[in-house]
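Asker: Here it is, the structure in full.
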Amino acid sequence: MTSPRQDIHNSDTPLLCRSCETRHQGMCGVLNPQELVELARHTHKSRHDEGAELIGDSTEIHSYANVMRGVVKLSKTLEDGRQQVVGLQFAPDFLGRLFGHENLTNAQAASPVELCVVPRLALERMMAANPALENRLLRQTLRELDEARDWMVTLGRKTASEKVASFLWLIATHLDPAGEPSEGAEFDLPLSRADIGDFLGLTIETVSRHMSELRQAGIIAITHSRHIEVPDLEALRNCCG
């Protein structure tokens, strides 16, 4: 696979795209330089601090985005204000509901986030003219559907300990899309203990207790409450059930 660093010396690649570490894995990976130039005419990068709202539930869809860096939290809010975290998105996930007219979830920056934003009509025109682009986006959508179904098994059948381990495994294996496979991982938790509990259907106390158990077992190390080190990913995976 072509390294993003090679794009720095490729004059055919738009400047906007040359330093993108997720382009080859995301929807742009099927576009040739001329198609990238056309797409780049309509796109812009946007950076958002942790906690910023990216998409509001029940709002009209005007644009889509590729997650370039960071973690996006998807949630639904009930009429009485209760919130349920329904998913997380990482680079190079596609943010938005294709061919829809209204957003059906809230999207919030769970960490500092960088997006590549493209107007809805511009992308849909390109999809109509480029079957490979449409196919790539369909495959990304199906992958996210498969992951959502897998997560339903986690929520419905796994023990509390297995749920916490599965959450840490999810973060450890998704935060760096351009990274090479390794035996260990190191990351900052993108969610608070309360949000993790909401995502897993557990209390804050239960989340903290099982995190402590993983730490005591040497599966993870915790510093500054949110920085996690996983010396052996396979050992963590074995705790996922």
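Letters A, B, ... mark the chains of the structure tokens in the order given; residue numbers begin at 1 per chain; ligand numbers begin at 1, in order shown.
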Can you pull out every residue within 12 Å of A:Leu214, counting only C-alpha atoms, but drop anything in the same chain fewer than 2 positions away, and send it as a VMD selection string?

Answerer: chain A and resid 161 to 162 164 to 166 168 207 to 212 216 to 222 228 to 231 235 to 240

Asker: Mind checking which residues fall within 10 Å of A:Ala109, counting only C-alpha atoms, ignoring those fewer than 2 positions away in the same chain, and posting them as a VMD selection string?

Answerer: chain A and resid 47 to 55 70 to 74 88 to 89 107 111 to 114 190 to 191

Asker: If you run DSSP over the backbone, which residues in stretch 43-165 of chain A end up helix (DSSP H, G or I)? Put them as number ranges by chain.

Answerer: A: 120-129, 131-157, 160-165

Asker: So how many Å separate atom CA of A:Asp195 and atom CA of A:Gly96, to one decimal?

Answerer: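 Computing the Euclidean distance for atom CA of A:Asp195 and atom CA of A:Gly96 yields 21.8 Å.
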
Asker: Show which residues sit within 12 Å of A:Leu142, as a ChimeraX atom specification. Count only C-alpha atoms, and ignore same-chain residues fewer than 6 positions away.

Answerer: /A:93-94,135-136,148-149

Asker: For each of A:Leu133, A:Leu202, A:Val118, A:Cys20, take the minimum atom-to-atom distance to A:Leu95, counting only C-alpha atoms, then give the residue where this is smallest.

Answerer: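 Residue with the minimum atom-to-atom distance to A:Leu95: A:Val118.
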